[in-house]
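A.B. asks: my_file-v2.cif is reproduced in full below (mmCIF, C-alpha atoms).
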```cif
data_coords
loop_
_atom_site.group_PDB
_atom_site.id
_atom_site.type_symbol
_atom_site.label_atom_id
_atom_site.label_comp_id
_atom_site.auth_asym_id
_atom_site.auth_seq_id
_atom_site.Cartn_x
_atom_site.Cartn_y
_atom_site.Cartn_z
ATOM 1 C CA MET O 1 64.196 36.954 68.535
ATOM 2 C CA ARG O 2 65.628 40.367 69.170
ATOM 3 C CA GLN O 3 69.103 39.071 68.485
ATOM 4 C CA LEU O 4 67.977 37.563 65.226
ATOM 5 C CA ILE O 5 66.458 40.842 64.047
ATOM 6 C CA LEU O 6 69.519 42.737 65.143
ATOM 7 C CA SER O 7 71.912 40.468 63.292
ATOM 8 C CA LEU O 8 69.694 40.615 60.213
ATOM 9 C CA MET O 9 69.741 44.392 60.263
ATOM 10 C CA LEU O 10 73.489 44.443 60.743
ATOM 11 C CA SER O 11 74.104 42.144 57.806
ATOM 12 C CA LEU O 12 71.804 44.281 55.659
ATOM 13 C CA SER O 13 73.727 47.417 56.524
ATOM 14 C CA VAL O 14 76.927 45.685 55.441
ATOM 15 C CA PHE O 15 75.407 44.897 52.069
ATOM 16 C CA THR O 16 74.332 48.447 51.388
ATOM 17 C CA VAL O 17 77.641 50.030 52.310
ATOM 18 C CA GLU O 18 79.826 47.684 50.297
ATOM 19 C CA ALA O 19 78.277 47.596 46.858
ATOM 20 C CA ARG O 20 81.520 46.556 45.240
ATOM 21 C CA VAL O 21 81.381 43.855 42.630
ATOM 22 C CA GLU O 22 84.964 43.121 41.759
ATOM 23 C CA ALA O 23 87.342 41.707 44.340
ATOM 24 C CA TYR O 24 90.968 42.684 44.002
ATOM 25 C CA HIS O 25 93.718 40.554 45.456
ATOM 26 C CA PHE O 26 96.749 42.099 47.011
ATOM 27 C CA ASP O 27 100.002 40.361 47.866
ATOM 28 C CA ASP O 28 100.443 42.706 50.794
ATOM 29 C CA PRO O 29 97.766 43.374 53.448
ATOM 30 C CA ALA O 30 99.144 46.882 53.982
ATOM 31 C CA LYS O 31 98.443 47.687 50.322
ATOM 32 C CA GLU O 32 94.950 46.298 50.621
ATOM 33 C CA ALA O 33 94.314 48.521 53.637
ATOM 34 C CA ARG O 34 95.589 51.545 51.706
ATOM 35 C CA TYR O 35 93.402 50.640 48.723
ATOM 36 C CA LYS O 36 90.355 50.424 50.982
ATOM 37 C CA GLN O 37 91.181 53.744 52.598
ATOM 38 C CA LEU O 38 91.629 55.419 49.211
ATOM 39 C CA ILE O 39 88.365 54.228 47.689
ATOM 40 C CA ASP O 40 86.687 55.331 50.897
ATOM 41 C CA GLU O 41 88.000 58.881 50.573
ATOM 42 C CA LEU O 42 87.703 59.339 46.828
ATOM 43 C CA ARG O 43 84.402 60.493 45.459
ATOM 44 C CA CYS O 44 82.596 59.146 42.454
ATOM 45 C CA LEU O 45 81.824 61.856 39.892
ATOM 46 C CA VAL O 46 78.773 60.115 38.506
ATOM 47 C CA CYS O 47 76.918 59.245 41.713
ATOM 48 C CA GLN O 48 78.071 62.408 43.369
ATOM 49 C CA ASN O 49 77.065 61.519 46.893
ATOM 50 C CA GLN O 50 78.894 58.225 46.949
ATOM 51 C CA ASN O 51 82.513 57.332 47.368
ATOM 52 C CA LEU O 52 84.293 54.918 45.071
ATOM 53 C CA ALA O 53 83.727 52.060 47.494
ATOM 54 C CA ALA O 54 79.958 52.427 47.434
ATOM 55 C CA SER O 55 79.327 53.368 43.829
ATOM 56 C CA ASN O 56 78.420 50.916 41.104
ATOM 57 C CA ALA O 57 78.847 53.451 38.322
ATOM 58 C CA GLU O 58 81.107 52.325 35.510
ATOM 59 C CA LEU O 59 83.376 55.286 36.044
ATOM 60 C CA ALA O 60 83.777 54.272 39.676
ATOM 61 C CA GLN O 61 84.780 50.804 38.506
ATOM 62 C CA ASP O 62 87.416 52.342 36.267
ATOM 63 C CA MET O 63 88.674 54.568 39.057
ATOM 64 C CA ARG O 64 88.842 51.612 41.459
ATOM 65 C CA ARG O 65 90.768 49.611 38.899
ATOM 66 C CA LEU O 66 93.220 52.458 38.460
ATOM 67 C CA THR O 67 93.577 52.858 42.210
ATOM 68 C CA TYR O 68 94.196 49.115 42.491
ATOM 69 C CA GLU O 69 96.814 49.154 39.748
ATOM 70 C CA MET O 70 98.628 52.135 41.213
ATOM 71 C CA VAL O 71 98.592 50.802 44.774
ATOM 72 C CA SER O 72 99.728 47.317 43.812
ATOM 73 C CA GLU O 73 102.550 48.834 41.786
ATOM 74 C CA GLY O 74 103.697 50.582 44.952
ATOM 75 C CA ALA O 75 102.348 54.126 44.511
ATOM 76 C CA THR O 76 101.874 56.054 47.743
ATOM 77 C CA ASN O 77 98.472 57.356 48.807
ATOM 78 C CA GLU O 78 99.603 60.881 47.932
ATOM 79 C CA GLU O 79 100.542 59.799 44.417
ATOM 80 C CA VAL O 80 97.160 58.195 43.802
ATOM 81 C CA VAL O 81 95.302 61.229 45.175
ATOM 82 C CA LEU O 82 97.440 63.605 43.103
ATOM 83 C CA PHE O 83 96.775 61.524 40.000
ATOM 84 C CA MET O 84 93.014 61.786 40.557
ATOM 85 C CA VAL O 85 93.092 65.490 41.457
ATOM 86 C CA GLU O 86 95.111 66.332 38.343
ATOM 87 C CA ARG O 87 92.332 64.835 36.248
ATOM 88 C CA TYR O 88 89.128 65.442 38.148
ATOM 89 C CA GLY O 89 90.012 68.347 40.452
ATOM 90 C CA ASP O 90 89.441 68.671 44.201
ATOM 91 C CA PHE O 91 85.929 67.465 43.519
ATOM 92 C CA VAL O 92 87.094 63.841 43.864
ATOM 93 C CA LEU O 93 88.232 64.401 47.428
ATOM 94 C CA TYR O 94 85.853 63.790 50.264
ATOM 95 C CA ARG O 95 88.442 65.545 52.391
ATOM 96 C CA PRO O 96 89.275 68.656 50.356
ATOM 97 C CA PRO O 97 92.498 70.566 51.077
ATOM 98 C CA PHE O 98 92.362 73.863 52.941
ATOM 99 C CA LYS O 99 92.723 76.779 50.531
ATOM 100 C CA THR O 100 90.946 80.039 49.704
ATOM 101 C CA SER O 101 88.174 78.392 47.718
ATOM 102 C CA THR O 102 87.471 75.848 50.461
ATOM 103 C CA ALA O 103 88.114 78.092 53.476
ATOM 104 C CA LEU O 104 84.412 78.718 54.093
ATOM 105 C CA LEU O 105 83.768 74.992 53.929
ATOM 106 C CA TRP O 106 86.275 74.287 56.675
ATOM 107 C CA VAL O 107 85.756 77.365 58.838
ATOM 108 C CA GLY O 108 82.010 77.786 58.213
ATOM 109 C CA PRO O 109 80.759 75.359 60.877
ATOM 110 C CA PHE O 110 82.953 77.014 63.509
ATOM 111 C CA ILE O 111 81.679 80.463 62.511
ATOM 112 C CA MET O 112 78.116 79.177 62.819
ATOM 113 C CA LEU O 113 78.959 77.704 66.224
ATOM 114 C CA ALA O 114 80.466 81.011 67.362
ATOM 115 C CA ILE O 115 77.369 82.924 66.196
ATOM 116 C CA GLY O 116 75.172 80.437 68.010
ATOM 117 C CA VAL O 117 77.123 80.775 71.259
ATOM 118 C CA LEU O 118 77.099 84.569 70.921
ATOM 119 C CA VAL O 119 73.335 84.706 70.402
ATOM 120 C CA LEU O 120 72.829 82.360 73.344
ATOM 121 C CA VAL O 121 75.008 84.461 75.651
ATOM 122 C CA VAL O 122 73.274 87.694 74.646
ATOM 123 C CA PHE O 123 69.863 86.086 75.033
ATOM 124 C CA VAL O 124 70.562 84.618 78.480
ATOM 125 C CA ARG O 125 72.098 87.852 79.742
ATOM 126 C CA ARG O 126 69.280 90.057 78.559
ATOM 127 C CA ARG O 127 66.735 87.725 80.110
ATOM 128 C CA SER O 128 68.393 87.544 83.504
ATOM 129 C CA VAL O 129 68.657 91.326 83.624
ATOM 130 C CA GLY O 130 65.177 92.056 82.322
ATOM 131 C CA GLU O 131 63.190 89.666 84.503
ATOM 132 C CA THR O 132 63.927 91.042 87.933
ATOM 133 C CA PRO O 133 61.781 94.178 88.232
ATOM 134 C CA GLU O 134 62.038 96.338 91.296
ATOM 135 C CA LEU O 135 59.208 95.784 93.776
ATOM 136 C CA ASP O 136 57.902 98.538 96.032
ATOM 137 C CA ALA O 137 55.839 98.238 99.182
ATOM 138 C CA GLN O 138 52.590 98.274 97.244
ATOM 139 C CA ASP O 139 53.633 95.311 95.126
ATOM 140 C CA HIS O 140 54.627 93.318 98.191
ATOM 141 C CA GLU O 141 51.279 94.052 99.753
ATOM 142 C CA ARG O 142 49.455 92.892 96.636
ATOM 143 C CA ALA O 143 51.527 89.722 96.367
ATOM 144 C CA LYS O 144 50.815 88.899 99.983
ATOM 145 C CA ARG O 145 47.122 89.397 99.447
ATOM 146 C CA LEU O 146 47.111 87.131 96.409
ATOM 147 C CA LEU O 147 49.102 84.416 98.166
ATOM 148 C CA ASP O 148 46.917 84.494 101.232
ATOM 149 C CA ASP O 149 43.707 84.324 99.257
ATOM 150 C CA LYS O 150 42.612 80.700 99.760
ATOM 151 C CA LYS O 151 39.976 80.862 97.048
ATOM 152 C CA ILE O 152 42.506 80.915 94.270
ATOM 153 C CA MET V 153 60.666 95.361 69.433
ATOM 154 C CA LYS V 154 60.259 95.519 65.678
ATOM 155 C CA ALA V 155 63.852 94.499 65.030
ATOM 156 C CA ARG V 156 63.316 91.406 67.099
ATOM 157 C CA TYR V 157 60.696 90.184 64.676
ATOM 158 C CA LEU V 158 62.536 91.381 61.594
ATOM 159 C CA ALA V 159 65.740 89.534 62.414
ATOM 160 C CA PRO V 160 64.312 86.006 61.982
ATOM 161 C CA LEU V 161 62.594 87.148 58.793
ATOM 162 C CA GLY V 162 65.901 88.493 57.494
ATOM 163 C CA ILE V 163 67.680 85.260 58.331
ATOM 164 C CA PHE V 164 64.896 83.300 56.660
ATOM 165 C CA ILE V 165 65.109 85.369 53.473
ATOM 166 C CA LEU V 166 68.892 84.985 53.417
ATOM 167 C CA LEU V 167 68.517 81.229 53.804
ATOM 168 C CA VAL V 168 65.962 81.098 50.984
ATOM 169 C CA ILE V 169 68.295 83.060 48.713
ATOM 170 C CA PHE V 170 71.212 80.703 49.397
ATOM 171 C CA LEU V 171 69.067 77.601 48.975
ATOM 172 C CA GLY V 172 67.687 79.105 45.773
ATOM 173 C CA ILE V 173 71.190 79.590 44.396
ATOM 174 C CA GLY V 174 72.060 76.055 45.444
ATOM 175 C CA LEU V 175 69.041 74.617 43.657
ATOM 176 C CA THR V 176 69.757 76.370 40.377
ATOM 177 C CA LEU V 177 73.393 75.259 40.250
ATOM 178 C CA ASN V 178 74.125 72.254 38.082
ATOM 179 C CA PRO V 179 75.967 69.701 40.229
ATOM 180 C CA ARG V 180 77.243 68.027 37.041
ATOM 181 C CA ASP V 181 79.199 71.152 36.159
ATOM 182 C CA VAL V 182 82.384 70.081 37.854
ATOM 183 C CA PRO V 183 85.012 72.690 37.015
ATOM 184 C CA SER V 184 87.662 71.113 34.842
ATOM 185 C CA VAL V 185 91.214 71.356 36.084
ATOM 186 C CA LEU V 186 92.483 70.825 32.557
ATOM 187 C CA ILE V 187 91.499 74.211 31.117
ATOM 188 C CA ASP V 188 94.583 75.979 29.694
ATOM 189 C CA LYS V 189 96.652 72.861 30.342
ATOM 190 C CA PRO V 190 98.252 70.722 27.621
ATOM 191 C CA ALA V 191 95.763 68.229 26.215
ATOM 192 C CA PRO V 192 96.619 64.708 27.404
ATOM 193 C CA ARG V 193 98.265 62.610 24.718
ATOM 194 C CA PHE V 194 96.513 59.479 23.608
ATOM 195 C CA THR V 195 96.939 56.778 21.039
ATOM 196 C CA LEU V 196 93.908 54.599 20.468
ATOM 197 C CA PRO V 197 92.972 51.976 17.900
ATOM 198 C CA ASP V 198 90.993 53.425 15.007
ATOM 199 C CA LEU V 199 87.282 52.627 15.225
ATOM 200 C CA PHE V 200 87.103 51.935 11.494
ATOM 201 C CA ASP V 201 90.340 49.994 11.189
ATOM 202 C CA PRO V 202 91.744 48.310 14.337
ATOM 203 C CA ALA V 203 95.102 47.926 12.622
ATOM 204 C CA ARG V 204 95.568 51.714 12.541
ATOM 205 C CA THR V 205 95.716 54.165 15.407
ATOM 206 C CA VAL V 206 94.326 57.613 16.162
ATOM 207 C CA SER V 207 96.566 59.877 18.181
ATOM 208 C CA ALA V 208 96.295 63.352 19.623
ATOM 209 C CA ALA V 209 99.581 64.189 17.913
ATOM 210 C CA ASP V 210 97.889 63.813 14.507
ATOM 211 C CA PHE V 211 96.181 67.152 15.086
ATOM 212 C CA ASP V 212 99.073 69.230 16.391
ATOM 213 C CA GLY V 213 98.978 72.771 15.081
ATOM 214 C CA GLU V 214 95.232 72.737 14.439
ATOM 215 C CA VAL V 215 92.161 73.973 16.267
ATOM 216 C CA TRP V 216 90.004 70.944 16.927
ATOM 217 C CA LEU V 217 87.262 69.509 19.094
ATOM 218 C CA LEU V 218 87.501 66.278 21.002
ATOM 219 C CA ASN V 219 84.108 64.693 21.471
ATOM 220 C CA VAL V 220 83.644 61.748 23.826
ATOM 221 C CA TRP V 221 80.601 59.671 22.949
ATOM 222 C CA GLY V 222 79.098 56.211 22.955
ATOM 223 C CA THR V 223 76.064 54.546 21.453
ATOM 224 C CA TRP V 224 74.818 53.804 24.989
ATOM 225 C CA CYS V 225 74.465 57.497 25.721
ATOM 226 C CA PRO V 226 71.097 59.050 24.755
ATOM 227 C CA GLU V 227 72.444 62.617 24.815
ATOM 228 C CA CYS V 228 75.049 61.631 22.233
ATOM 229 C CA TRP V 229 72.296 60.624 19.825
ATOM 230 C CA ARG V 230 70.567 63.917 20.460
ATOM 231 C CA GLU V 231 73.776 65.839 19.866
ATOM 232 C CA HIS V 232 74.761 63.919 16.755
ATOM 233 C CA GLY V 233 72.794 65.997 14.271
ATOM 234 C CA PHE V 234 74.402 69.187 15.505
ATOM 235 C CA LEU V 235 77.883 67.680 15.315
ATOM 236 C CA MET V 236 77.090 66.836 11.678
ATOM 237 C CA HIS V 237 76.149 70.461 11.113
ATOM 238 C CA LEU V 238 79.368 71.722 12.756
ATOM 239 C CA ALA V 239 81.534 69.424 10.671
ATOM 240 C CA LYS V 240 79.762 70.028 7.382
ATOM 241 C CA ASN V 241 78.740 73.689 7.469
ATOM 242 C CA GLU V 242 81.088 75.293 9.978
ATOM 243 C CA GLY V 243 84.219 73.442 8.955
ATOM 244 C CA ILE V 244 85.013 72.260 12.461
ATOM 245 C CA LYS V 245 87.483 69.446 12.883
ATOM 246 C CA ILE V 246 85.968 66.989 15.360
ATOM 247 C CA VAL V 247 87.887 64.015 16.671
ATOM 248 C CA GLY V 248 85.763 61.395 18.388
ATOM 249 C CA ILE V 249 86.546 58.986 21.168
ATOM 250 C CA ASP V 250 84.092 56.128 21.261
ATOM 251 C CA TRP V 251 83.953 55.237 24.939
ATOM 252 C CA ARG V 252 82.952 51.935 26.561
ATOM 253 C CA ASP V 253 81.228 50.897 23.402
ATOM 254 C CA GLU V 254 80.731 47.976 21.056
ATOM 255 C CA ARG V 255 82.573 48.482 17.800
ATOM 256 C CA ALA V 256 79.710 47.115 15.678
ATOM 257 C CA ALA V 257 77.108 49.335 17.353
ATOM 258 C CA ALA V 258 79.275 52.432 16.939
ATOM 259 C CA LEU V 259 79.936 51.718 13.257
ATOM 260 C CA GLU V 260 76.232 51.160 12.677
ATOM 261 C CA MET V 261 75.356 54.485 14.317
ATOM 262 C CA LEU V 262 77.873 56.390 12.197
ATOM 263 C CA ARG V 263 76.672 54.650 9.057
ATOM 264 C CA ASP V 264 73.007 55.416 9.713
ATOM 265 C CA GLU V 265 73.306 58.882 11.232
ATOM 266 C CA GLY V 266 76.346 60.144 9.354
ATOM 267 C CA ASN V 267 79.914 60.580 10.514
ATOM 268 C CA PRO V 268 80.906 64.061 11.741
ATOM 269 C CA PHE V 269 84.380 62.944 12.852
ATOM 270 C CA VAL V 270 87.675 63.270 11.036
ATOM 271 C CA ALA V 271 88.887 60.328 13.100
ATOM 272 C CA VAL V 272 87.484 58.171 15.869
ATOM 273 C CA GLY V 273 89.544 56.455 18.550
ATOM 274 C CA PHE V 274 88.047 53.342 20.096
ATOM 275 C CA ASP V 275 88.327 53.242 23.888
ATOM 276 C CA PRO V 276 86.279 50.405 25.387
ATOM 277 C CA GLU V 277 88.530 50.059 28.438
ATOM 278 C CA SER V 278 88.679 53.763 29.415
ATOM 279 C CA VAL V 279 92.411 53.912 28.699
ATOM 280 C CA ALA V 280 92.530 57.459 27.330
ATOM 281 C CA ILE V 281 89.382 58.771 28.966
ATOM 282 C CA MET V 282 90.766 58.868 32.497
ATOM 283 C CA ASP V 283 93.570 61.220 31.474
ATOM 284 C CA TRP V 284 91.028 63.701 30.157
ATOM 285 C CA GLY V 285 89.083 63.674 33.415
ATOM 286 C CA VAL V 286 85.951 62.567 31.581
ATOM 287 C CA TYR V 287 83.158 61.433 33.866
ATOM 288 C CA GLY V 288 80.175 61.332 31.571
ATOM 289 C CA ALA V 289 79.252 61.458 27.939
ATOM 290 C CA PRO V 290 79.001 63.442 25.830
ATOM 291 C CA GLU V 291 81.905 65.673 26.754
ATOM 292 C CA THR V 292 83.535 68.089 24.355
ATOM 293 C CA PHE V 293 86.936 69.766 24.574
ATOM 294 C CA LEU V 294 88.312 72.589 22.468
ATOM 295 C CA ILE V 295 92.045 72.319 21.753
ATOM 296 C CA ASP V 296 94.131 75.151 20.328
ATOM 297 C CA ARG V 297 97.053 75.127 17.891
ATOM 298 C CA SER V 298 99.610 74.721 20.671
ATOM 299 C CA GLY V 299 97.805 71.650 21.985
ATOM 300 C CA ASN V 300 96.202 73.256 25.035
ATOM 301 C CA ILE V 301 92.649 72.647 26.192
ATOM 302 C CA ARG V 302 90.799 75.971 26.081
ATOM 303 C CA TRP V 303 87.208 75.051 26.801
ATOM 304 C CA LYS V 304 85.202 72.092 27.961
ATOM 305 C CA HIS V 305 81.547 71.190 28.059
ATOM 306 C CA THR V 306 79.790 68.279 29.729
ATOM 307 C CA GLY V 307 76.537 67.387 28.024
ATOM 308 C CA ALA V 308 75.205 67.806 24.514
ATOM 309 C CA LEU V 309 76.352 70.706 22.331
ATOM 310 C CA THR V 310 73.485 72.959 21.314
ATOM 311 C CA PRO V 311 73.133 75.792 18.784
ATOM 312 C CA THR V 312 72.881 78.280 21.682
ATOM 313 C CA LEU V 313 76.043 76.988 23.287
ATOM 314 C CA TRP V 314 77.825 77.095 19.948
ATOM 315 C CA ARG V 315 76.761 80.673 19.264
ATOM 316 C CA GLU V 316 77.492 82.020 22.735
ATOM 317 C CA GLU V 317 80.537 80.112 23.909
ATOM 318 C CA LEU V 318 82.166 77.932 21.330
ATOM 319 C CA GLN V 319 82.069 79.889 18.081
ATOM 320 C CA PRO V 320 83.738 83.076 19.437
ATOM 321 C CA ARG V 321 86.502 80.975 20.968
ATOM 322 C CA VAL V 322 87.078 78.925 17.831
ATOM 323 C CA ALA V 323 87.218 82.080 15.706
ATOM 324 C CA LYS V 324 89.771 83.657 18.024
ATOM 325 C CA LEU V 325 91.950 80.559 18.247
ATOM 326 C CA LYS V 326 91.948 80.060 14.488
ATOM 327 C CA GLU V 327 93.470 83.516 14.050
ATOM 328 C CA GLN V 328 96.436 82.640 16.220
ATOM 329 C CA SER V 329 99.473 81.027 14.664
ATOM 330 C CA PRO V 330 100.783 77.932 16.402
#
```
Starting from the coordinates I provided, produce the structure as structure tokens.
C.D. replies:
Amino acid sequence: MRQLILSLMLSLSVFTVEARVEAYHFDDPAKEARYKQLIDELRCLVCQNQNLAASNAELAQDMRRLTYEMVSEGATNEEVVLFMVERYGDFVLYRPPFKTSTALLWVGPFIMLAIGVLVLVVFVRRRSVGETPELDAQDHERAKRLLDDKKI
Amino acid sequence: MKARYLAPLGIFILLVIFLGIGLTLNPRDVPSVLIDKPAPRFTLPDLFDPARTVSAADFDGEVWLLNVWGTWCPECWREHGFLMHLAKNEGIKIVGIDWRDERAAALEMLRDEGNPFVAVGFDPESVAIMDWGVYGAPETFLIDRSGNIRWKHTGALTPTLWREELQPRVAKLKEQSP
């Protein structure tokens, strides 16, 4: 039973990820692999949170067709990406290039991580220093009394 | 002690400000890479007469608007009246590209609602559209006398937009010689 449910769920997940309608045929498996990689990394401008592979928007269909045509005519991945960027800007890339306008995007998570580590270190240090107060004879006496008191 | 409580509040306020900015941004406003670049050339069959063609080269040396539309696009219907006004009363030369459309439906719309275009290219297969980086309709481009794109807008043109952004640019470009 569990296996059945599991396989059902797996097949469902396949359907949602690959919403493609048209099937393109390539004479060369290497080209097909490149096509699949490209539509995975290029972003649809209509459904902005989907890549070309997942989007059913008409524009995505057009962009897939163009990608197919370019790849089957022997264009390199770089040529296809350049073609798209020249028209739609870096926006089409799910892996944007590193430059001044995208620096924060790339470096941001590491800055956040560094801040987090810094705060943690400061916090731990301050705590370990602050929580060991000096005890005098009176305190020891009081602690002993409390510990010995069976009623508590 | 006070600073310890103020710090999280400060961080929270900062976060709210950034999220607020993020919420008010329009994600559809993808910056066009084509601004100040030569307008892509196109040659499309004429919507009114398939035997003839409409080409970007027909308008070399003029200041003109390229408007991408389709009868399937509700915003285009909304915008249509204002395009009529621009063409008739402001003397703006508007070239249309009818995108992903049925010829009969497009002709019917122009017959019933009026035709603001000096020429309309018919592009059902997105042949020309891709070169212009169009991703929705309506989209409007302003092209100067030297054939460069100077301004672009995604979405319907409105009187406010015309007054604040488009009109000053058109006036300036018209003064320049090609």
A.B. asks: As a VMD selection string, could you give me every residue of chain V near chain O (at most 9 Å apart, counting all atoms listed in the file)?
C.D. replies: chain V and resid 179 to 180 182 to 186 277 to 278 282 to 288
A.B. asks: Enumerate, in order of chain and increasing residue number, the residues of range 277-303 of chain V with an atom no farther than 12 Å from range 230-249 of chain V, each with its shortest atom pair and distance in Å to one decimal, counting all atoms listed in the file, as a tab-separated table.
C.D. replies:
```
residue	atom	partner	partner_atom	distance
V:Glu277	CA	V:Ile249	CA	11.7
V:Ser278	CA	V:Ile249	CA	10.0
V:Val279	CA	V:Ile249	CA	10.8
V:Ala280	CA	V:Ile249	CA	8.7
V:Ile281	CA	V:Ile249	CA	8.3
V:Trp284	CA	V:Ile249	CA	11.1
V:Val286	CA	V:Ile249	CA	11.0
V:Ala289	CA	V:Ile249	CA	10.3
V:Pro290	CA	V:Glu231	CA	8.3
V:Glu291	CA	V:Ile249	CA	9.9
V:Thr292	CA	V:Gly248	CA	9.2
V:Phe293	CA	V:Ile246	CA	9.7
V:Leu294	CA	V:Ile246	CA	9.3
V:Ile295	CA	V:Ile246	CA	10.3
V:Asp296	CA	V:Lys245	CA	11.5
```
A.B. asks: Can you tell me how far CA of Arg125 in chain O sits from CA of Ala155 in chain V, in Å to one decimal?
C.D. replies: 18.1 Å
A.B. asks: Could you state which residues are captured by the PyMOL selection byres ((chain O and resi 23-31) around 12) in this file, as a list in words?
C.D. replies: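 The output of the PyMOL selection byres ((chain O and resi 23-31) around 12) on this file is Glu18, Ala19, Arg20, Val21, Glu22, Glu32, Ala33, Arg34, Tyr35, Lys36, Gln37, Leu38, Ala53, Gln61, Arg64, Arg65, Leu66, Thr67, Tyr68, Glu69, Met70, Val71, Ser72, Glu73, Gly74, Ala75, Thr76 and Asn77 of chain O.
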A.B. asks: So which residues get picked by the PyMOL selection byres ((chain V and resi 197) around 9) here, written as JSON, numbers by chain?
C.D. replies: {"V": [195, 196, 198, 199, 200, 201, 202, 203, 204, 205, 206, 207, 272, 273, 274, 275]}
A.B. asks: What separation in Å, quoted to one decimal, exists between CA of Val122 in chain O and CA of Pro160 in chain V?
C.D. replies: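 According to the coordinates, CA of Val122 in chain O and CA of Pro160 in chain V are separated by 15.6 Å.
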A.B. asks: Interatomic distance between CA of Lys189 in chain V and CA of Thr306 in chain V?
C.D. replies: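 Value for the CA of Lys189 in chain V-CA of Thr306 in chain V distance: 17.5 Å.
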A.B. asks: Please return range 214-225 of chain V, rebuilt to N, CA and C atoms, as a PDB file, keeping the file's coordinate frame.
C.D. replies:
```pdb
ATOM      1  N   GLU V 214      96.562  72.420  14.936  1.00  0.00           N
ATOM      2  CA  GLU V 214      95.232  72.737  14.439  1.00  0.00           C
ATOM      3  C   GLU V 214      94.312  73.075  15.609  1.00  0.00           C
ATOM      4  N   VAL V 215      93.207  73.749  15.267  1.00  0.00           N
ATOM      5  CA  VAL V 215      92.161  73.973  16.267  1.00  0.00           C
ATOM      6  C   VAL V 215      91.128  72.875  16.073  1.00  0.00           C
ATOM      7  N   TRP V 216      90.928  72.081  17.103  1.00  0.00           N
ATOM      8  CA  TRP V 216      90.004  70.944  16.927  1.00  0.00           C
ATOM      9  C   TRP V 216      89.184  70.677  18.177  1.00  0.00           C
ATOM     10  N   LEU V 217      88.115  69.914  17.981  1.00  0.00           N
ATOM     11  CA  LEU V 217      87.262  69.509  19.094  1.00  0.00           C
ATOM     12  C   LEU V 217      87.481  68.030  19.362  1.00  0.00           C
ATOM     13  N   LEU V 218      87.530  67.681  20.637  1.00  0.00           N
ATOM     14  CA  LEU V 218      87.501  66.278  21.002  1.00  0.00           C
ATOM     15  C   LEU V 218      86.133  65.994  21.591  1.00  0.00           C
ATOM     16  N   ASN V 219      85.458  65.030  20.999  1.00  0.00           N
ATOM     17  CA  ASN V 219      84.108  64.693  21.471  1.00  0.00           C
ATOM     18  C   ASN V 219      84.090  63.250  21.963  1.00  0.00           C
ATOM     19  N   VAL V 220      83.729  63.081  23.239  1.00  0.00           N
ATOM     20  CA  VAL V 220      83.644  61.748  23.826  1.00  0.00           C
ATOM     21  C   VAL V 220      82.196  61.283  23.749  1.00  0.00           C
ATOM     22  N   TRP V 221      81.968  60.132  23.143  1.00  0.00           N
ATOM     23  CA  TRP V 221      80.601  59.671  22.949  1.00  0.00           C
ATOM     24  C   TRP V 221      80.538  58.151  23.044  1.00  0.00           C
ATOM     25  N   GLY V 222      79.323  57.648  22.976  1.00  0.00           N
ATOM     26  CA  GLY V 222      79.098  56.211  22.955  1.00  0.00           C
ATOM     27  C   GLY V 222      77.673  55.957  22.522  1.00  0.00           C
ATOM     28  N   THR V 223      77.425  54.807  21.936  1.00  0.00           N
ATOM     29  CA  THR V 223      76.064  54.546  21.453  1.00  0.00           C
ATOM     30  C   THR V 223      75.101  54.308  22.613  1.00  0.00           C
ATOM     31  N   TRP V 224      75.648  54.052  23.799  1.00  0.00           N
ATOM     32  CA  TRP V 224      74.818  53.804  24.989  1.00  0.00           C
ATOM     33  C   TRP V 224      74.314  55.101  25.600  1.00  0.00           C
ATOM     34  N   CYS V 225      74.766  56.220  25.059  1.00  0.00           N
ATOM     35  CA  CYS V 225      74.465  57.497  25.721  1.00  0.00           C
ATOM     36  C   CYS V 225      73.417  58.272  24.934  1.00  0.00           C
TER      37      CYS V 225
END
```
